[in-house]
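Engineer: Contents of run.txt (compact mmCIF, C-alpha atoms):
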```txt
# COMPACT_ATOMS: atom_id res chain seq x y z
CA MET B 20 5.53 -42.85 -22.88
CA SER B 21 2.18 -41.33 -22.13
CA CYS B 22 3.87 -39.18 -19.50
CA GLN B 23 6.34 -37.81 -22.05
CA SER B 24 3.65 -36.93 -24.55
CA LYS B 25 1.82 -35.07 -21.80
CA ASP B 26 4.95 -33.01 -21.10
CA ILE B 27 5.29 -32.16 -24.76
CA LYS B 28 1.67 -31.13 -24.87
CA MET B 29 2.20 -28.86 -21.88
CA ALA B 30 5.23 -27.30 -23.54
CA ASN B 31 3.13 -26.62 -26.64
CA ASP B 32 0.49 -25.05 -24.47
CA ALA B 33 3.11 -22.86 -22.86
CA THR B 34 4.17 -21.47 -26.24
CA ARG B 35 0.59 -20.37 -26.81
CA VAL B 36 0.38 -18.66 -23.44
CA ASP B 37 -0.71 -15.33 -24.95
CA THR B 38 -4.04 -16.59 -26.13
CA ALA B 39 -4.54 -19.59 -23.87
CA GLY B 40 -3.75 -17.64 -20.72
CA VAL B 41 -6.38 -15.02 -21.44
CA ASP B 42 -8.99 -17.60 -22.33
CA LYS B 43 -8.29 -19.60 -19.19
CA ALA B 44 -8.52 -16.54 -17.00
CA GLY B 45 -11.78 -15.56 -18.67
CA PHE B 46 -12.40 -12.57 -20.90
CA ASP B 47 -12.02 -9.31 -19.05
CA PRO B 48 -13.38 -6.44 -21.16
CA GLN B 49 -12.10 -3.84 -18.73
CA ARG B 50 -8.54 -5.07 -19.15
CA ARG B 51 -8.98 -5.24 -22.89
CA SER B 52 -10.20 -1.67 -23.11
CA PHE B 53 -7.39 -0.52 -20.84
CA LEU B 54 -4.80 -2.17 -23.07
CA GLY B 55 -6.44 -0.58 -26.08
CA ALA B 56 -6.34 2.85 -24.49
CA ALA B 57 -2.73 2.34 -23.46
CA ALA B 58 -1.81 1.43 -26.99
CA ALA B 59 -3.55 4.55 -28.32
CA ALA B 60 -1.79 6.79 -25.80
CA ALA B 61 1.60 5.30 -26.46
CA GLY B 62 2.08 7.34 -29.58
CA ILE B 63 3.91 6.28 -32.71
CA THR B 64 7.21 4.56 -33.27
CA LEU B 65 9.62 6.71 -35.27
CA ALA B 66 12.37 4.13 -35.27
CA PRO B 67 13.03 1.00 -33.22
CA GLY B 68 13.30 2.20 -29.65
CA VAL B 69 12.35 5.79 -30.49
CA MET B 70 8.79 6.70 -29.66
CA LEU B 71 6.95 9.96 -30.18
CA TYR B 72 4.75 10.33 -27.14
CA GLY B 73 1.75 12.46 -26.41
CA ILE B 74 0.14 12.24 -29.84
CA THR B 75 -3.26 10.99 -28.76
CA LYS B 76 -3.35 12.02 -25.13
CA SER B 77 -6.59 13.62 -24.14
CA SER B 78 -6.38 17.15 -22.82
CA PRO B 79 -5.91 16.87 -19.05
CA ALA B 80 -6.79 20.53 -18.61
CA LYS B 81 -10.50 19.75 -18.56
CA ALA B 82 -12.02 18.80 -15.23
CA ARG B 83 -12.54 15.17 -14.35
CA ALA B 84 -16.06 13.90 -14.61
CA PRO B 85 -17.68 13.45 -11.22
CA GLY B 86 -17.09 9.89 -10.10
CA ALA B 87 -14.01 9.51 -12.32
CA ALA B 88 -10.76 8.41 -10.71
CA ALA B 89 -7.60 10.52 -10.79
CA SER B 90 -5.69 9.71 -13.95
CA SER B 91 -2.00 9.25 -14.63
CA ASP B 92 -2.47 11.36 -17.78
CA VAL B 93 -2.05 14.24 -15.36
CA ARG B 94 1.03 15.10 -13.33
CA TRP B 95 0.30 17.98 -11.00
CA GLY B 96 3.21 20.28 -10.33
CA MET B 97 4.14 23.75 -9.27
CA LEU B 98 6.63 26.32 -10.50
CA ILE B 99 7.75 28.88 -7.92
CA ASP B 100 9.52 31.98 -9.20
CA LEU B 101 11.82 33.10 -6.40
CA GLY B 102 12.34 36.39 -8.20
CA SER B 103 8.80 37.32 -7.16
CA CYS B 104 8.85 35.70 -3.72
CA ASP B 105 9.43 38.31 -1.02
CA SER B 106 11.26 37.14 2.09
CA GLY B 107 8.83 39.02 4.34
CA CYS B 108 5.74 37.46 2.81
CA ASP B 109 4.19 34.31 4.25
CA ASP B 110 0.75 34.50 2.67
CA CYS B 111 1.11 30.95 1.34
CA VAL B 112 1.84 29.62 4.83
CA THR B 113 -1.11 31.46 6.35
CA ALA B 114 -3.46 30.37 3.58
CA CYS B 115 -2.40 26.75 4.05
CA ALA B 116 -3.04 26.89 7.80
CA THR B 117 -6.46 28.46 7.26
CA GLU B 118 -7.50 26.09 4.51
CA ASN B 119 -6.47 22.92 6.31
CA GLY B 120 -7.20 23.98 9.88
CA LEU B 121 -3.59 23.79 11.06
CA GLY B 122 -3.59 25.38 14.49
CA GLY B 123 -0.40 25.36 16.52
CA HIS B 124 0.22 24.91 20.21
CA GLY B 125 2.98 27.52 20.25
CA ARG B 126 5.59 24.77 19.97
CA PRO B 127 7.33 25.30 16.63
CA ALA B 128 9.47 22.17 17.00
CA THR B 129 6.48 19.85 16.94
CA ASP B 130 3.60 21.87 15.54
CA ALA B 131 2.29 20.70 12.19
CA GLN B 132 3.84 22.49 9.25
CA TRP B 133 2.77 21.72 5.72
CA ILE B 134 4.55 24.62 4.06
CA ARG B 135 7.27 26.85 5.43
CA LYS B 136 9.48 29.71 4.25
CA VAL B 137 13.18 28.86 4.18
CA GLU B 138 15.88 31.52 3.89
CA LEU B 139 18.91 30.50 1.84
CA LYS B 140 22.00 32.64 2.13
CA ASP B 141 25.14 32.43 0.02
CA GLN B 142 27.98 32.41 2.55
CA HIS B 143 30.39 34.00 0.10
CA THR B 144 28.32 36.78 -1.41
CA GLY B 145 25.63 37.36 1.22
CA ASN B 146 22.92 37.01 -1.41
CA SER B 147 19.79 35.51 0.14
CA LYS B 148 16.67 33.86 -1.23
CA SER B 149 13.41 33.05 0.48
CA LEU B 150 11.68 29.96 -0.76
CA PRO B 151 8.47 28.21 0.20
CA VAL B 152 9.16 24.52 0.90
CA MET B 153 6.46 21.90 1.14
CA CYS B 154 5.95 18.28 0.12
CA MET B 155 7.64 18.07 -3.26
CA HIS B 156 5.28 15.38 -4.56
CA CYS B 157 8.16 13.36 -5.94
CA GLU B 158 7.79 10.99 -8.82
CA GLU B 159 9.87 8.50 -6.79
CA PRO B 160 8.83 9.36 -3.24
CA PRO B 161 11.12 7.86 -0.57
CA CYS B 162 8.31 8.19 2.00
CA VAL B 163 6.27 5.70 -0.03
CA ASP B 164 9.24 3.33 -0.32
CA VAL B 165 9.75 3.08 3.43
CA CYS B 166 6.14 3.03 4.63
CA PRO B 167 5.55 -0.36 6.28
CA THR B 168 1.76 -0.30 5.95
CA GLY B 169 1.17 1.27 2.55
CA ALA B 170 -0.37 4.34 4.15
CA SER B 171 2.06 6.63 2.36
CA PHE B 172 1.15 6.46 -1.30
CA LYS B 173 1.26 8.34 -4.58
CA ARG B 174 -2.00 9.00 -6.35
CA ALA B 175 -2.23 8.38 -10.09
CA ASP B 176 -1.95 12.11 -10.80
CA GLY B 177 1.31 12.39 -8.86
CA ILE B 178 0.01 13.71 -5.54
CA VAL B 179 1.74 12.06 -2.56
CA LEU B 180 -0.61 11.49 0.36
CA VAL B 181 -0.92 9.74 3.71
CA ASP B 182 -3.86 7.39 4.15
CA LYS B 183 -4.45 8.06 7.83
CA HIS B 184 -6.84 5.14 8.06
CA ILE B 185 -3.87 2.80 7.94
CA CYS B 186 -1.02 5.04 9.15
CA ILE B 187 0.42 3.63 12.37
CA GLY B 188 2.43 6.73 13.18
CA CYS B 189 5.85 5.06 12.95
CA ARG B 190 7.33 8.18 11.32
CA TYR B 191 9.71 6.31 9.01
CA CYS B 192 8.46 8.56 6.21
CA MET B 193 9.42 11.66 8.17
CA ILE B 194 12.96 10.34 8.45
CA ALA B 195 13.08 9.27 4.80
CA CYS B 196 11.88 12.60 3.39
CA PRO B 197 14.88 14.69 2.35
CA TYR B 198 12.76 17.87 2.46
CA LYS B 199 11.53 17.57 6.07
CA ALA B 200 8.09 18.02 4.62
CA ARG B 201 6.13 15.83 6.99
CA SER B 202 4.70 16.46 10.45
CA PHE B 203 3.40 14.19 13.16
CA VAL B 204 0.26 15.03 15.08
CA HIS B 205 1.14 14.73 18.76
CA GLU B 206 -2.07 15.85 20.38
CA VAL B 207 -5.79 15.20 20.24
CA LEU B 208 -7.46 17.47 17.71
CA GLU B 209 -11.02 18.70 17.62
CA ASP B 210 -13.12 20.51 15.06
CA GLN B 211 -10.96 19.66 12.08
CA LYS B 212 -11.96 20.94 8.67
CA PRO B 213 -14.38 18.46 7.07
CA HIS B 214 -12.25 18.35 3.90
CA ALA B 215 -8.95 17.92 5.78
CA PRO B 216 -9.20 15.10 8.33
CA ARG B 217 -6.26 15.11 10.74
CA GLY B 218 -5.74 13.15 13.93
CA LYS B 219 -3.39 12.30 16.73
CA GLY B 220 -0.88 9.54 16.05
CA THR B 221 -0.70 9.99 12.29
CA VAL B 222 1.76 11.66 9.94
CA GLU B 223 0.61 14.36 7.58
CA SER B 224 1.97 16.72 4.97
CA CYS B 225 0.94 19.03 2.15
CA THR B 226 -1.82 17.37 0.14
CA LEU B 227 -1.47 19.91 -2.67
CA CYS B 228 -5.02 20.77 -1.51
CA VAL B 229 -6.23 17.57 -3.13
CA HIS B 230 -9.84 18.36 -2.18
CA ARG B 231 -9.60 21.61 -4.14
CA ILE B 232 -7.88 19.98 -7.11
CA ASP B 233 -10.65 17.38 -7.24
CA SER B 234 -13.17 20.19 -7.53
CA ASP B 235 -11.13 21.95 -10.22
CA GLN B 236 -9.60 24.64 -8.01
CA GLN B 237 -6.02 25.63 -7.31
CA PRO B 238 -4.20 24.90 -4.05
CA ALA B 239 -4.85 27.51 -1.35
CA CYS B 240 -1.21 28.67 -1.25
CA VAL B 241 -1.17 29.35 -4.99
CA GLU B 242 -4.44 31.23 -4.80
CA ALA B 243 -3.18 33.36 -1.89
CA CYS B 244 0.13 34.03 -3.64
CA THR B 245 -1.70 35.19 -6.76
CA ASP B 246 -4.26 37.31 -4.90
CA THR B 247 -2.22 39.02 -2.19
CA GLY B 248 1.36 37.75 -2.52
CA GLY B 249 3.93 38.25 -5.22
CA GLY B 250 2.28 35.97 -7.77
CA ALA B 251 5.29 33.69 -7.61
CA MET B 252 3.47 30.35 -7.65
CA LEU B 253 2.13 28.66 -10.73
CA PHE B 254 0.19 25.43 -10.47
CA GLY B 255 -0.64 23.12 -13.34
CA ASP B 256 -0.33 19.87 -15.22
CA LEU B 257 3.24 19.03 -16.16
CA ASN B 258 2.04 16.31 -18.54
CA ASN B 259 -0.02 18.65 -20.68
CA PRO B 260 2.26 20.44 -23.15
CA GLU B 261 -0.41 23.13 -23.61
CA SER B 262 -0.53 24.08 -19.93
CA GLU B 263 1.07 27.34 -18.79
CA ILE B 264 3.41 25.54 -16.38
CA SER B 265 4.66 23.17 -19.09
CA LYS B 266 5.35 26.06 -21.44
CA ARG B 267 7.25 27.97 -18.76
CA VAL B 268 9.40 25.04 -17.62
CA ALA B 269 10.14 24.36 -21.28
CA THR B 270 11.11 27.98 -21.96
CA TYR B 271 12.96 28.99 -18.79
CA ALA B 272 15.53 27.22 -16.70
CA SER B 273 14.04 25.81 -13.50
CA GLN B 274 15.50 23.74 -10.69
CA GLN B 275 14.36 21.06 -8.32
CA ILE B 276 15.78 21.09 -4.79
CA ARG B 277 18.15 18.16 -4.22
CA ASP B 278 17.81 17.02 -7.81
CA ASP B 279 20.92 14.94 -7.16
CA LEU B 280 18.66 12.44 -5.42
CA GLY B 281 16.85 11.68 -8.66
CA LEU B 282 13.39 11.82 -7.10
CA ASN B 283 11.96 14.14 -9.79
CA PRO B 284 9.91 16.40 -7.51
CA GLY B 285 6.77 18.01 -8.93
CA ILE B 286 7.67 21.33 -7.31
CA ARG B 287 10.17 23.38 -9.33
CA TYR B 288 11.89 26.69 -8.62
CA ARG B 289 13.01 29.50 -10.87
CA ASN B 290 15.79 31.97 -10.06
CA LEU B 291 17.14 29.78 -7.26
CA MET X 72 -59.96 -42.52 54.76
CA SER X 73 -57.20 -40.77 56.60
CA LEU X 74 -54.82 -41.84 53.80
CA ARG X 75 -57.02 -40.05 51.21
CA ARG X 76 -57.04 -36.90 53.35
CA THR X 77 -53.30 -37.00 53.69
CA THR X 78 -52.98 -37.36 49.91
CA PHE X 79 -55.23 -34.30 49.32
CA ALA X 80 -53.24 -32.33 51.83
CA LEU X 81 -49.98 -33.25 50.12
CA LEU X 82 -51.41 -32.34 46.69
CA ALA X 83 -52.59 -29.00 48.02
CA VAL X 84 -49.14 -28.26 49.45
CA ALA X 85 -47.52 -29.25 46.15
CA LEU X 86 -49.90 -26.98 44.21
CA VAL X 87 -49.15 -24.04 46.47
CA TYR X 88 -45.42 -24.69 46.04
CA VAL X 89 -45.66 -24.81 42.26
CA ALA X 90 -47.72 -21.64 42.22
CA SER X 91 -45.20 -19.84 44.41
CA LEU X 92 -42.37 -21.00 42.12
CA ALA X 93 -44.22 -19.61 39.10
CA VAL X 94 -44.65 -16.27 40.87
CA ALA X 95 -40.92 -16.24 41.73
CA ILE X 96 -39.94 -16.90 38.09
CA ASN X 97 -42.24 -14.11 36.90
CA ALA X 98 -40.68 -11.79 39.43
CA SER X 99 -37.15 -12.58 38.26
CA GLU X 100 -38.20 -11.96 34.63
CA ASP X 101 -39.56 -8.58 35.64
CA GLU X 102 -36.28 -7.84 37.35
CA HIS X 103 -34.43 -8.82 34.16
CA MET X 104 -36.56 -6.48 32.08
CA ALA X 105 -35.90 -3.69 34.50
CA SER X 106 -32.14 -4.17 34.20
CA ALA X 107 -32.39 -3.99 30.39
CA GLY X 108 -34.19 -0.70 30.85
CA ARG X 109 -31.20 0.80 32.59
CA VAL X 110 -29.71 1.44 29.16
CA PRO X 111 -32.33 3.61 27.57
CA VAL X 112 -33.31 2.85 23.99
CA PRO X 113 -31.78 5.70 21.95
CA ALA X 114 -33.95 8.51 20.68
CA ILE X 115 -32.49 8.77 17.19
CA PRO X 116 -32.63 12.29 15.77
CA ALA X 117 -34.15 12.56 12.31
CA GLY X 118 -31.93 13.68 9.46
CA ARG X 119 -32.99 16.38 7.06
CA GLY X 120 -34.78 15.50 3.87
CA ASP X 121 -37.37 12.81 3.29
CA SER X 122 -35.18 9.75 3.21
CA CYS X 123 -31.65 8.52 3.64
CA VAL X 124 -29.49 7.36 0.73
CA GLU X 125 -30.72 3.82 1.41
CA ASP X 126 -33.46 2.19 3.48
CA THR X 127 -33.13 2.59 7.21
CA ASP X 128 -32.87 -1.18 7.70
CA PHE X 129 -30.10 -1.41 5.11
CA MET X 130 -28.25 1.57 6.52
CA ARG X 131 -28.40 0.22 10.05
CA ARG X 132 -26.61 -2.95 9.03
CA ASN X 133 -24.37 -1.68 6.24
CA HIS X 134 -23.47 1.96 6.79
CA MET X 135 -19.97 1.00 7.92
CA ASN X 136 -19.32 -0.94 4.72
CA LEU X 137 -20.57 1.90 2.54
CA LEU X 138 -18.35 4.35 4.40
CA LYS X 139 -15.32 2.13 4.17
CA HIS X 140 -15.79 1.57 0.45
CA GLN X 141 -16.26 5.27 -0.16
CA ARG X 142 -13.27 6.09 2.03
CA ASN X 143 -10.94 3.97 -0.08
CA GLU X 144 -12.26 5.38 -3.34
CA THR X 145 -11.96 8.96 -2.15
CA MET X 146 -8.57 8.58 -0.49
CA ARG X 147 -6.87 6.47 -3.13
CA GLU X 148 -8.54 7.55 -6.38
CA GLY X 149 -9.98 10.96 -5.63
CA ILE X 150 -13.57 9.92 -6.36
CA ARG X 151 -15.64 12.33 -4.33
CA SER X 152 -19.21 11.33 -5.02
CA GLU X 153 -21.69 12.49 -2.43
CA GLN X 154 -23.83 9.37 -2.28
CA TYR X 155 -22.07 7.60 0.62
CA SER X 156 -19.80 10.41 1.77
CA LEU X 157 -19.20 10.77 5.50
CA GLN X 158 -19.38 14.55 5.08
CA GLU X 159 -22.90 14.21 3.70
CA CYS X 160 -23.91 11.93 6.60
CA ILE X 161 -22.62 14.49 9.07
CA SER X 162 -24.30 17.32 7.22
CA CYS X 163 -27.72 15.63 7.03
CA HIS X 164 -27.70 14.19 10.52
CA ALA X 165 -26.39 17.24 12.36
CA VAL X 166 -28.10 17.75 15.71
CA SER X 167 -28.49 21.21 17.18
CA GLY X 168 -27.28 21.75 20.70
CA PRO X 169 -28.65 24.19 23.29
CA ASP X 170 -26.83 27.06 21.54
CA ALA X 171 -28.42 26.11 18.19
CA ALA X 172 -24.99 25.17 16.81
CA PRO X 173 -24.51 21.55 15.70
CA VAL X 174 -23.10 19.37 18.48
CA THR X 175 -19.86 17.43 18.16
CA VAL X 176 -19.43 13.76 18.95
CA ALA X 177 -18.52 14.84 22.48
CA SER X 178 -22.25 15.24 23.11
CA PRO X 179 -24.36 12.12 23.78
CA ASP X 180 -27.01 13.68 21.52
CA HIS X 181 -24.76 13.35 18.46
CA PHE X 182 -26.45 11.23 15.80
CA CYS X 183 -23.71 8.61 15.60
CA ARG X 184 -23.22 8.44 19.33
CA SER X 185 -26.89 7.99 20.13
CA CYS X 186 -26.80 4.51 18.61
CA HIS X 187 -23.16 3.60 19.15
CA ASP X 188 -23.42 4.25 22.89
CA TYR X 189 -26.44 1.94 23.04
CA ALA X 190 -24.76 -0.79 21.00
CA ALA X 191 -21.45 -0.33 22.85
CA VAL X 192 -19.56 -0.14 19.57
CA LYS X 193 -16.59 2.20 19.53
CA VAL X 194 -16.48 4.56 16.57
CA ASP X 195 -13.09 6.07 15.79
CA CYS X 196 -13.95 8.06 12.64
CA PHE X 197 -13.97 11.27 14.62
CA GLN X 198 -10.43 11.03 15.87
CA CYS X 199 -9.59 12.58 12.50
CA HIS X 200 -12.86 13.53 10.80
CA ALA X 201 -14.99 16.50 11.75
CA SER X 202 -18.07 15.32 13.62
CA ARG X 203 -20.15 18.34 12.70
CA PRO X 204 -20.54 20.46 9.59
CA GLU X 205 -18.59 23.68 9.29
CA PRO X 206 -20.64 26.56 10.68
CA GLY X 207 -20.42 28.52 7.43
CA ASP X 208 -21.27 25.44 5.38
CA MET X 209 -24.94 25.28 6.18
CA SER X 210 -26.17 27.47 3.32
CA ALA X 211 -27.35 26.24 -0.06
CA GLY X 212 -30.04 23.94 1.21
CA HIS X 213 -27.88 22.47 3.94
CA ARG X 214 -30.19 23.23 6.80
CA LEU X 215 -29.73 21.61 10.16
CA GLY X 216 -31.42 18.30 10.76
CA SER X 217 -34.42 18.49 13.05
CA ALA X 218 -33.36 17.59 16.54
CA GLN X 219 -36.80 16.19 17.33
CA PRO X 220 -36.43 12.57 18.27
CA VAL X 221 -38.23 10.04 16.15
CA SER X 222 -39.95 7.28 18.10
CA PRO X 223 -37.73 4.23 18.23
CA ALA X 224 -40.57 2.12 16.85
CA ALA X 225 -40.35 4.10 13.60
CA HIS X 226 -36.81 2.81 13.27
CA GLY X 227 -37.86 -0.73 14.08
CA ILE X 228 -36.31 -0.71 17.55
CA GLU X 229 -38.69 -2.23 20.11
```
As a first step, turn the structure in this file into structure tokens.
Structural biologist:
Amino acid sequence: MSCQSKDIKMANDATRVDTAGVDKAGFDPQRRSFLGAAAAAAGITLAPGVMLYGITKSSPAKARAPGAAASSDVRWGMLIDLGSCDSGCDDCVTACATENGLGGHGRPATDAQWIRKVELKDQHTGNSKSLPVMCMHCEEPPCVDVCPTGASFKRADGIVLVDKHICIGCRYCMIACPYKARSFVHEVLEDQKPHAPRGKGTVESCTLCVHRIDSDQQPACVEACTDTGGGAMLFGDLNNPESEISKRVATYASQQIRDDLGLNPGIRYRNL
Amino acid sequence: MSLRRTTFALLAVALVYVASLAVAINASEDEHMASAGRVPVPAIPAGRGDSCVEDTDFMRRNHMNLLKHQRNETMREGIRSEQYSLQECISCHAVSGPDAAPVTVASPDHFCRSCHDYAAVKVDCFQCHASRPEPGDMSAGHRLGSAQPVSPAAHGIE
């Protein structure tokens, strides 16, 4: 009898799990404040199941405070207008190599390549396009799915990176990436750039110049394209409706490469 | 009478034996000290500025933990504070080589190597990370650390 009453008491406790669970675990003000912020950012309910988002989101355009972590309020992306991208121009590729210290060994098959120019030609009409292809910084990155160590990861602001401290160089991510965006470092490197650590036995790819983004600058390829190239690349926050990139993707038709895969890449193309 | 003499003689022999043993032990200790001296105590180059980000004693025992903590924050969350940044360590503790340019970890004079060689602890940071500041990056108060060795006693190494 006493055993039964205990069971009933436990069942009663279970129904009050919302409050009891929190109290048992101890009050965590950080979690509380996070939940509060999440509720504020969630917007308002117009009808059951219909939410209006983005009402109270803070402007992500302003720089992060020093010491603040990357936030998921921001989704970094790029819009590349192929109408302004000349097939003979590789300023973005050169700028990337300079910025990140990518030196080759004269072996194109295995040399590191974070961004490359790809020529697309319509077999029927002969019309050709030249497009810069790099890590697409997918919302659902397959490289992250397959990584056995957790080295391949997506930062809160949508940048997909390799944590080389725990990369074992298995190269599953290279196989999983539908864009062939990743490279493996085959040889011992010396005198790397301090802001772009790279080493033998690890996989690497475009970081969207994360060190520059963290100091409120644009990626090197975008800067080079604007300064000396065709001005085809536009970098910005896809989550901020006030940003130039958001306005342009809202106004003009743009495409993601292999959008059939449903990965929602952060890199978009116009006039493809 | 002859018995007493014999006893004295035996005692004298025993004393001489003990004394010679003591000398032998001293000699072997000296030899031991000499073998320790084969690995020279490192002459640790001073960094620039007045002090490190923490006490020397604390840094000697905990620098690896600070670096690892910072590494995860920077890599995963993009927090790039300078307090415990490896780049700042490298910048402050750069050692000039014969050509006045900062040496890489390939040189035994490199700040990290000077101690790690002595302690026989392998450091693999520099398989990926730059072991010296960028040549053009030394402006804006980033002057080279003095390459003059500080006496080991100042660092508490006897």
Engineer: Any chance you could tabulate, as a Markdown table, the residues of chain B at most 9 Å from chain X with each one's nearest atom pair and distance in Å to one decimal, using only C-alpha atoms, in chain and rising number order?
Structural biologist:
```
| residue | atom | partner | partner_atom | distance |
| --- | --- | --- | --- | --- |
| B:Pro85 | CA | X:Ser152 | CA | 6.7 |
| B:Gly86 | CA | X:Ile150 | CA | 5.1 |
| B:Ala87 | CA | X:Ile150 | CA | 6.0 |
| B:Ala88 | CA | X:Glu148 | CA | 4.9 |
| B:Ala89 | CA | X:Glu148 | CA | 5.4 |
| B:Ser90 | CA | X:Glu148 | CA | 8.4 |
| B:Phe172 | CA | X:Arg147 | CA | 8.2 |
| B:Lys173 | CA | X:Arg147 | CA | 8.5 |
| B:Arg174 | CA | X:Arg147 | CA | 6.4 |
| B:Ala175 | CA | X:Glu148 | CA | 7.4 |
| B:Leu180 | CA | X:Met146 | CA | 8.5 |
| B:Val181 | CA | X:Met146 | CA | 8.8 |
| B:Asp182 | CA | X:Met146 | CA | 6.7 |
| B:Lys183 | CA | X:Cys199 | CA | 8.3 |
| B:His184 | CA | X:Arg142 | CA | 8.9 |
| B:Val207 | CA | X:Gln198 | CA | 7.6 |
| B:Leu208 | CA | X:Gln198 | CA | 7.3 |
| B:Glu209 | CA | X:Ala201 | CA | 7.4 |
| B:Asp210 | CA | X:Ala201 | CA | 5.5 |
| B:Gln211 | CA | X:Ala201 | CA | 5.1 |
| B:Lys212 | CA | X:Ala201 | CA | 6.2 |
| B:Pro213 | CA | X:Ala201 | CA | 5.1 |
| B:His214 | CA | X:Gln158 | CA | 8.2 |
| B:Ala215 | CA | X:His200 | CA | 7.7 |
| B:Pro216 | CA | X:His200 | CA | 4.7 |
| B:Arg217 | CA | X:Cys199 | CA | 4.5 |
| B:Gly218 | CA | X:Cys199 | CA | 4.1 |
| B:Lys219 | CA | X:Gln198 | CA | 7.2 |
| B:Val229 | CA | X:Gly149 | CA | 8.0 |
| B:His230 | CA | X:Gly149 | CA | 8.2 |
| B:Asp233 | CA | X:Gly149 | CA | 6.7 |
| B:Ser234 | CA | X:Arg151 | CA | 8.8 |
```
Engineer: Suppose you want the space between atom CA of Glu159 of chain X and atom CA of Met130 of chain X; what is it in Å?
Structural biologist: 14.0 Å
Engineer: Could you check which residues have any atom within 7 Å of (1.9, 19.7, 8.8), counting only C-alpha atoms with coordinates taken straight from the file, and then list them as JSON, numbers by chain?
Structural biologist: {"B": [131, 132, 133, 201, 202, 223, 224, 225]}
Engineer: Work out how far atom CA of Ala191 of chain X is from atom CA of Gly220 of chain B, in Å to one decimal.
Structural biologist: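 Atom CA of Ala191 of chain X lies 23.8 Å from atom CA of Gly220 of chain B.
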Engineer: What does the distance between atom CA of Asn119 of chain B and atom CA of Val165 of chain B come to in Å, to one decimal place?
Structural biologist: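 Rounded to one decimal, the two atoms are 25.8 Å apart.
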Engineer: Compare X:Gln141, X:Asn136, X:Thr127, X:Gln154 by their minimum atom-to-atom distance to Ile115 of chain X, counting all atoms listed in the file, and give me the closest one.
Structural biologist: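 Under the stated criterion, the closest residue is X:Thr127.
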Engineer: Between B:Glu159, B:Thr245, B:Pro238, B:Gly177, which residue has the minimum interatomic distance to Leu257 of chain B, considering only C-alpha atoms?
Structural biologist: B:Gly177
Engineer: Which of these residues is nearest to Arg83 of chain B, using only C-alpha atoms: B:Ala195, B:Ile232, B:Ile134, B:Ile264?
Structural biologist: B:Ile232
Engineer: Need the shell around segment 181-187 of chain X: protein/DNA/RNA residues with any atom at most 7 Å away, counting all atoms listed in the file. Skip same-chain ones fewer than 5 positions apart. Format as a list in words?
Structural biologist: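 Here the answer would be Pro113, Ile115, Pro116, His164, Ala165, Val166, Val174, Thr175, Val176, Val192 and Lys193 of chain X.
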Engineer: Let me know the centre plus edge lengths, in Å and rounded to one decimal, of a box with edges along x, y and z that contains all listed atoms of segment 113-121 of chain X and is padded by 6 Å on every side, as JSON.
Structural biologist:
```
{"center_x": -34.6, "center_y": 11.0, "center_z": 12.6, "size_x": 17.6, "size_y": 22.7, "size_z": 30.7}
```
Engineer: So, counting all atoms listed in the file, which residue among B:Asp130, B:Glu138, B:Glu118, B:Asp92 is closest to Ser106 of chain B?
Structural biologist: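 Of all the options, B:Glu138 lies closest to Ser106 of chain B.
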Engineer: Which neighbours of segment 269-279 of chain B fall inside 10 Å, counting only C-alpha atoms, when residues of the same chain fewer than 2 positions from it are skipped, and could you give them as a list in words?
Structural biologist: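 The contact residues come out as Leu98, Ile99, Asp100, Val152, Met155, Pro197, Tyr198, Pro260, Glu263, Ile264, Ser265, Lys266, Arg267, Gly281, Leu282, Asn283, Pro284, Gly285, Ile286, Arg287, Tyr288, Arg289, Asn290 and Leu291 of chain B.
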Engineer: For the residues in the current selection, export C-alpha atoms as a JSON list (two decimals), keeping the file's coordinate frame.
Structural biologist:
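Once written, out29.json looks like this:
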```
[["chain", "number", "residue", "atom", "x", "y", "z"],
["B", 98, "LEU", "CA", 6.63, 26.32, -10.50],
["B", 99, "ILE", "CA", 7.75, 28.88, -7.92],
["B", 100, "ASP", "CA", 9.52, 31.98, -9.20],
["B", 152, "VAL", "CA", 9.16, 24.52, 0.90],
["B", 155, "MET", "CA", 7.64, 18.07, -3.26],
["B", 197, "PRO", "CA", 14.88, 14.69, 2.35],
["B", 198, "TYR", "CA", 12.76, 17.87, 2.46],
["B", 260, "PRO", "CA", 2.26, 20.44, -23.15],
["B", 263, "GLU", "CA", 1.07, 27.34, -18.79],
["B", 264, "ILE", "CA", 3.41, 25.54, -16.38],
["B", 265, "SER", "CA", 4.66, 23.17, -19.09],
["B", 266, "LYS", "CA", 5.35, 26.06, -21.44],
["B", 267, "ARG", "CA", 7.25, 27.97, -18.76],
["B", 281, "GLY", "CA", 16.85, 11.68, -8.66],
["B", 282, "LEU", "CA", 13.39, 11.82, -7.10],
["B", 283, "ASN", "CA", 11.96, 14.14, -9.79],
["B", 284, "PRO", "CA", 9.91, 16.40, -7.51],
["B", 285, "GLY", "CA", 6.77, 18.01, -8.93],
["B", 286, "ILE", "CA", 7.67, 21.33, -7.31],
["B", 287, "ARG", "CA", 10.17, 23.38, -9.33],
["B", 288, "TYR", "CA", 11.89, 26.69, -8.62],
["B", 289, "ARG", "CA", 13.01, 29.50, -10.87],
["B", 290, "ASN", "CA", 15.79, 31.97, -10.06],
["B", 291, "LEU", "CA", 17.14, 29.78, -7.26]]
```
